$ cat protein_32.cif   # mmCIF, C-alpha atoms
data_coords
#
loop_
_atom_site.label_atom_id
_atom_site.label_comp_id
_atom_site.auth_asym_id
_atom_site.auth_seq_id
_atom_site.Cartn_x
_atom_site.Cartn_y
_atom_site.Cartn_z
CA LEU A 1 -4.73 1.28 -12.05
CA VAL A 2 -4.86 1.56 -8.26
CA GLN A 3 -1.48 2.16 -6.68
CA LEU A 4 -0.76 1.96 -2.97
CA ALA A 5 2.31 2.96 -0.98
CA GLU A 6 2.70 2.37 2.76
CA SER A 7 4.86 4.25 5.21
CA GLY A 8 5.22 4.68 8.95
CA GLY A 9 6.50 1.32 10.11
CA GLY A 10 9.26 0.98 12.66
CA SER A 11 10.33 -0.51 15.96
CA VAL A 12 8.58 0.15 19.26
CA GLN A 13 8.44 -1.41 22.69
CA THR A 14 5.46 -3.27 24.08
CA GLY A 15 2.66 -0.86 24.86
CA GLY A 16 3.83 1.69 22.31
CA SER A 17 2.01 3.17 19.35
CA LEU A 18 2.58 3.54 15.63
CA ARG A 19 0.62 5.15 12.84
CA LEU A 20 0.84 3.65 9.38
CA SER A 21 -0.09 5.58 6.26
CA CYS A 22 -1.04 4.38 2.80
CA ALA A 23 -1.03 6.82 -0.09
CA ALA A 24 -3.54 5.71 -2.71
CA SER A 25 -3.97 6.78 -6.31
CA GLY A 26 -5.86 5.68 -9.39
CA TYR A 27 -9.29 5.07 -7.90
CA THR A 28 -12.48 7.10 -7.69
CA GLY A 29 -12.77 7.06 -3.91
CA SER A 30 -16.17 5.45 -3.37
CA GLY A 31 -17.16 1.81 -3.60
CA TYR A 32 -13.84 0.44 -2.44
CA CYS A 33 -12.90 -1.75 0.49
CA MET A 34 -9.58 -0.46 1.78
CA ALA A 35 -7.79 -2.72 4.22
CA TRP A 36 -4.68 -3.35 6.24
CA PHE A 37 -3.22 -6.82 6.32
CA ARG A 38 -0.21 -8.19 8.15
CA GLN A 39 2.00 -11.18 7.64
CA ALA A 40 4.48 -12.57 10.13
CA PRO A 41 7.18 -15.05 9.07
CA GLY A 42 5.71 -18.49 8.55
CA LYS A 43 2.13 -17.29 8.95
CA GLU A 44 -0.70 -16.49 6.58
CA ARG A 45 -1.50 -12.94 5.65
CA GLU A 46 -4.36 -11.74 7.86
CA ARG A 47 -6.62 -8.74 7.67
CA VAL A 48 -6.42 -6.47 10.71
CA ALA A 49 -8.71 -3.64 9.63
CA ALA A 50 -10.93 -2.58 6.76
CA ILE A 51 -13.01 0.42 5.80
CA TYR A 52 -15.67 0.74 3.13
CA THR A 53 -15.05 4.07 1.46
CA THR A 54 -18.69 4.84 0.60
CA ASN A 55 -20.04 4.87 4.17
CA LYS A 56 -16.83 4.64 6.23
CA TYR A 57 -17.99 1.48 8.01
CA THR A 58 -15.01 -0.22 9.65
CA TYR A 59 -14.20 -3.84 10.48
CA TYR A 60 -11.69 -5.41 12.85
CA PRO A 61 -10.86 -8.93 14.04
CA VAL A 62 -11.02 -9.66 17.75
CA ALA A 63 -7.22 -9.72 18.08
CA VAL A 64 -6.88 -5.99 17.40
CA LYS A 65 -10.30 -4.54 18.17
CA GLY A 66 -10.00 -1.66 20.59
CA ARG A 67 -6.29 -1.23 19.87
CA PHE A 68 -6.20 -0.53 16.11
CA THR A 69 -8.16 2.15 14.29
CA ILE A 70 -8.46 2.48 10.53
CA SER A 71 -9.37 5.80 8.99
CA GLN A 72 -9.33 7.51 5.64
CA ASP A 73 -8.61 11.05 4.57
CA SER A 74 -10.63 11.17 1.37
CA ALA A 75 -9.32 14.57 0.33
CA LYS A 76 -5.74 13.31 0.44
CA ASN A 77 -6.54 9.76 -0.73
CA THR A 78 -4.68 8.44 2.29
CA LEU A 79 -5.49 5.48 4.49
CA PHE A 80 -4.26 5.30 8.07
CA LEU A 81 -3.86 2.61 10.69
CA GLN A 82 -3.40 3.86 14.24
CA MET A 83 -1.99 1.06 16.37
CA ASN A 84 -1.97 1.44 20.16
CA SER A 85 -1.02 -0.88 23.01
CA LEU A 86 1.22 -2.82 20.68
CA LYS A 87 2.28 -6.34 21.60
CA PRO A 88 5.16 -8.50 20.39
CA GLU A 89 2.64 -10.65 18.49
CA ASP A 90 1.79 -7.59 16.37
CA THR A 91 5.25 -7.85 14.81
CA ALA A 92 4.80 -8.36 11.07
CA MET A 93 5.01 -6.81 7.65
CA TYR A 94 1.94 -4.62 7.21
CA TYR A 95 0.31 -4.18 3.82
CA CYS A 96 -2.30 -1.81 2.49
CA ALA A 97 -4.83 -3.40 0.11
CA ALA A 98 -7.80 -2.28 -1.94
CA GLU A 99 -10.56 -3.80 -3.97
CA ARG A 100 -13.72 -2.46 -5.55
CA MET A 101 -16.76 -3.93 -3.78
CA SER A 102 -20.44 -3.23 -4.28
CA SER A 103 -21.43 -3.06 -0.60
CA SER A 104 -20.10 -2.72 2.91
CA GLY A 105 -21.36 -6.23 3.55
CA TYR A 106 -18.86 -7.58 1.05
CA CYS A 107 -16.15 -5.48 2.66
CA SER A 108 -16.98 -7.04 6.02
CA ALA A 109 -17.12 -10.59 4.71
CA ARG A 110 -14.15 -10.62 2.35
CA TYR A 111 -11.34 -10.79 4.86
CA ARG A 112 -9.07 -13.15 2.94
CA SER A 113 -6.13 -11.73 1.03
CA GLY A 114 -7.26 -13.41 -2.19
CA SER A 115 -10.23 -11.04 -2.38
CA TYR A 116 -7.95 -8.05 -2.97
CA ASN A 117 -6.15 -7.28 -6.21
CA TYR A 118 -4.33 -4.10 -5.28
CA TRP A 119 -1.44 -4.14 -2.81
CA GLY A 120 1.29 -1.90 -1.51
CA GLN A 121 4.86 -3.01 -0.99
CA GLY A 122 4.54 -3.33 2.79
CA THR A 123 6.08 -1.70 5.83
CA GLN A 124 7.71 -3.54 8.72
CA VAL A 125 6.44 -3.22 12.28
CA THR A 126 8.53 -4.70 15.08
CA VAL A 127 7.38 -4.73 18.70
CA SER A 128 9.94 -5.71 21.31
CA SER A 129 9.19 -6.92 24.81
#

$ encode --input "protein_32.cif" --output "structure tokens"
Amino acid sequence: LVQLAESGGGSVQTGGSLRLSCAASGYTGSGYCMAWFRQAPGKERERVAAIYTTNKYTYYPVAVKGRFTISQDSAKNTLFLQMNSLKPEDTAMYYCAAERMSSSGYCSARYRSGSYNYWGQGTQVTVSS
């Protein structure tokens, strides 16, 4: 059973930075798509970053590309999301997610939350103007 636990959320001003962490357990380490999603009140959950653990390929939507960086410390089974140049529209609950996938192509293409079975409890990020 894959278990995920996020930490590192908080409140920052526009232009600030935050680093989220996700401690993962119960998986072998390779062949997984690990992702960060966010959900603002009244909006759908959206993927903001993903990494395929086998080859470390990463994927970002246009809205965060160049500002967010996903990385993984395989030795510590920890996933990170470095968020820079934060904007008020980045305010949301951020979730770590994981799913076993057979290729990085699937990891790239499966950006909807329904493709992931393993979720953390979420951590709140608030960006004030």

$ atom_distance --input "protein_32.cif" --atom1 "CA of Leu1 (chain A)" --atom2 "CA of Ala50 (chain A)"
20.2 Å

$ resolve_selection --input "protein_32.cif" --expression "the PyMOL selection byres ((chain A and resi 71-73) around 12)" --output "JSON, numbers by chain"
{"A": [19, 20, 21, 22, 23, 24, 29, 30, 32, 33, 34, 35, 36, 49, 50, 51, 52, 53, 54, 55, 56, 57, 58, 59, 68, 69, 70, 74, 75, 76, 77, 78, 79, 80, 81, 82, 83]}

$ write_last_selection --input "protein_32.cif" --atoms "C-alpha atoms" --output "short mmCIF file (atom, residue, chain, number, x, y, z; two decimals), in the coordinates of the input"
data_model
loop_
_atom_site.label_atom_id
_atom_site.label_comp_id
_atom_site.auth_asym_id
_atom_site.auth_seq_id
_atom_site.Cartn_x
_atom_site.Cartn_y
_atom_site.Cartn_z
CA ARG A 19 0.62 5.15 12.84
CA LEU A 20 0.84 3.65 9.38
CA SER A 21 -0.09 5.58 6.26
CA CYS A 22 -1.04 4.38 2.80
CA ALA A 23 -1.03 6.82 -0.09
CA ALA A 24 -3.54 5.71 -2.71
CA GLY A 29 -12.77 7.06 -3.91
CA SER A 30 -16.17 5.45 -3.37
CA TYR A 32 -13.84 0.44 -2.44
CA CYS A 33 -12.90 -1.75 0.49
CA MET A 34 -9.58 -0.46 1.78
CA ALA A 35 -7.79 -2.72 4.22
CA TRP A 36 -4.68 -3.35 6.24
CA ALA A 49 -8.71 -3.64 9.63
CA ALA A 50 -10.93 -2.58 6.76
CA ILE A 51 -13.01 0.42 5.80
CA TYR A 52 -15.67 0.74 3.13
CA THR A 53 -15.05 4.07 1.46
CA THR A 54 -18.69 4.84 0.60
CA ASN A 55 -20.04 4.87 4.17
CA LYS A 56 -16.83 4.64 6.23
CA TYR A 57 -17.99 1.48 8.01
CA THR A 58 -15.01 -0.22 9.65
CA TYR A 59 -14.20 -3.84 10.48
CA PHE A 68 -6.20 -0.53 16.11
CA THR A 69 -8.16 2.15 14.29
CA ILE A 70 -8.46 2.48 10.53
CA SER A 74 -10.63 11.17 1.37
CA ALA A 75 -9.32 14.57 0.33
CA LYS A 76 -5.74 13.31 0.44
CA ASN A 77 -6.54 9.76 -0.73
CA THR A 78 -4.68 8.44 2.29
CA LEU A 79 -5.49 5.48 4.49
CA PHE A 80 -4.26 5.30 8.07
CA LEU A 81 -3.86 2.61 10.69
CA GLN A 82 -3.40 3.86 14.24
CA MET A 83 -1.99 1.06 16.37
#

$ resolve_selection --input "protein_32.cif" --expression "the PyMOL selection byres ((chain A and resi 25) around 6)" --output "ChimeraX atom specification"
/A:2-3,24,26-27

$ residues_around --input "protein_32.cif" --residues "region 114-119 of chain A" --least-positions-apart "2" --cutoff "9 Å" --atoms "all atoms listed in the file" --output "PyMOL selection string"
chain A and resi 1-5+33+35+95-100+110-112+121-122

$ atom_distance --input "protein_32.cif" --atom1 "CA of Val62 (chain A)" --atom2 "CA of Met101 (chain A)"
23.0 Å

$ closest_residue --input "protein_32.cif" --among "A:Ser128, A:Gly105, A:Thr14, A:Tyr94" --to "Arg47 (chain A)" --atoms "all atoms listed in the file"
A:Tyr94

$ residues_around --input "protein_32.cif" --residues "Ser17 (chain A)" --least-positions-apart "6" --cutoff "7 Å" --atoms "only C-alpha atoms" --output "PDB file with C-alpha atoms, keeping the file's coordinate frame"
ATOM      1  CA  MET A  83      -1.990   1.060  16.370  1.00  0.00           C
ATOM      2  CA  ASN A  84      -1.970   1.440  20.160  1.00  0.00           C
ATOM      3  CA  SER A  85      -1.020  -0.880  23.010  1.00  0.00           C
ATOM      4  CA  LEU A  86       1.220  -2.820  20.680  1.00  0.00           C
TER       5      LEU A  86
END

$ resolve_selection --input "protein_32.cif" --expression "the PyMOL selection byres ((chain A and resi 127) around 8)" --output "count of residues only"
14

$ closest_residue --input "protein_32.cif" --among "A:Val64, A:Leu18, A:Cys107, A:Ala92" --to "Arg45 (chain A)" --atoms "all atoms listed in the file"
A:Ala92

$ closest_residue --input "protein_32.cif" --among "A:Ser104, A:Met93, A:Arg67, A:Thr28" --to "Ser7 (chain A)" --atoms "only C-alpha atoms"
A:Met93

$ atom_distance --input "protein_32.cif" --atom1 "CA of Ser103 (chain A)" --atom2 "CA of Arg38 (chain A)"
23.5 Å
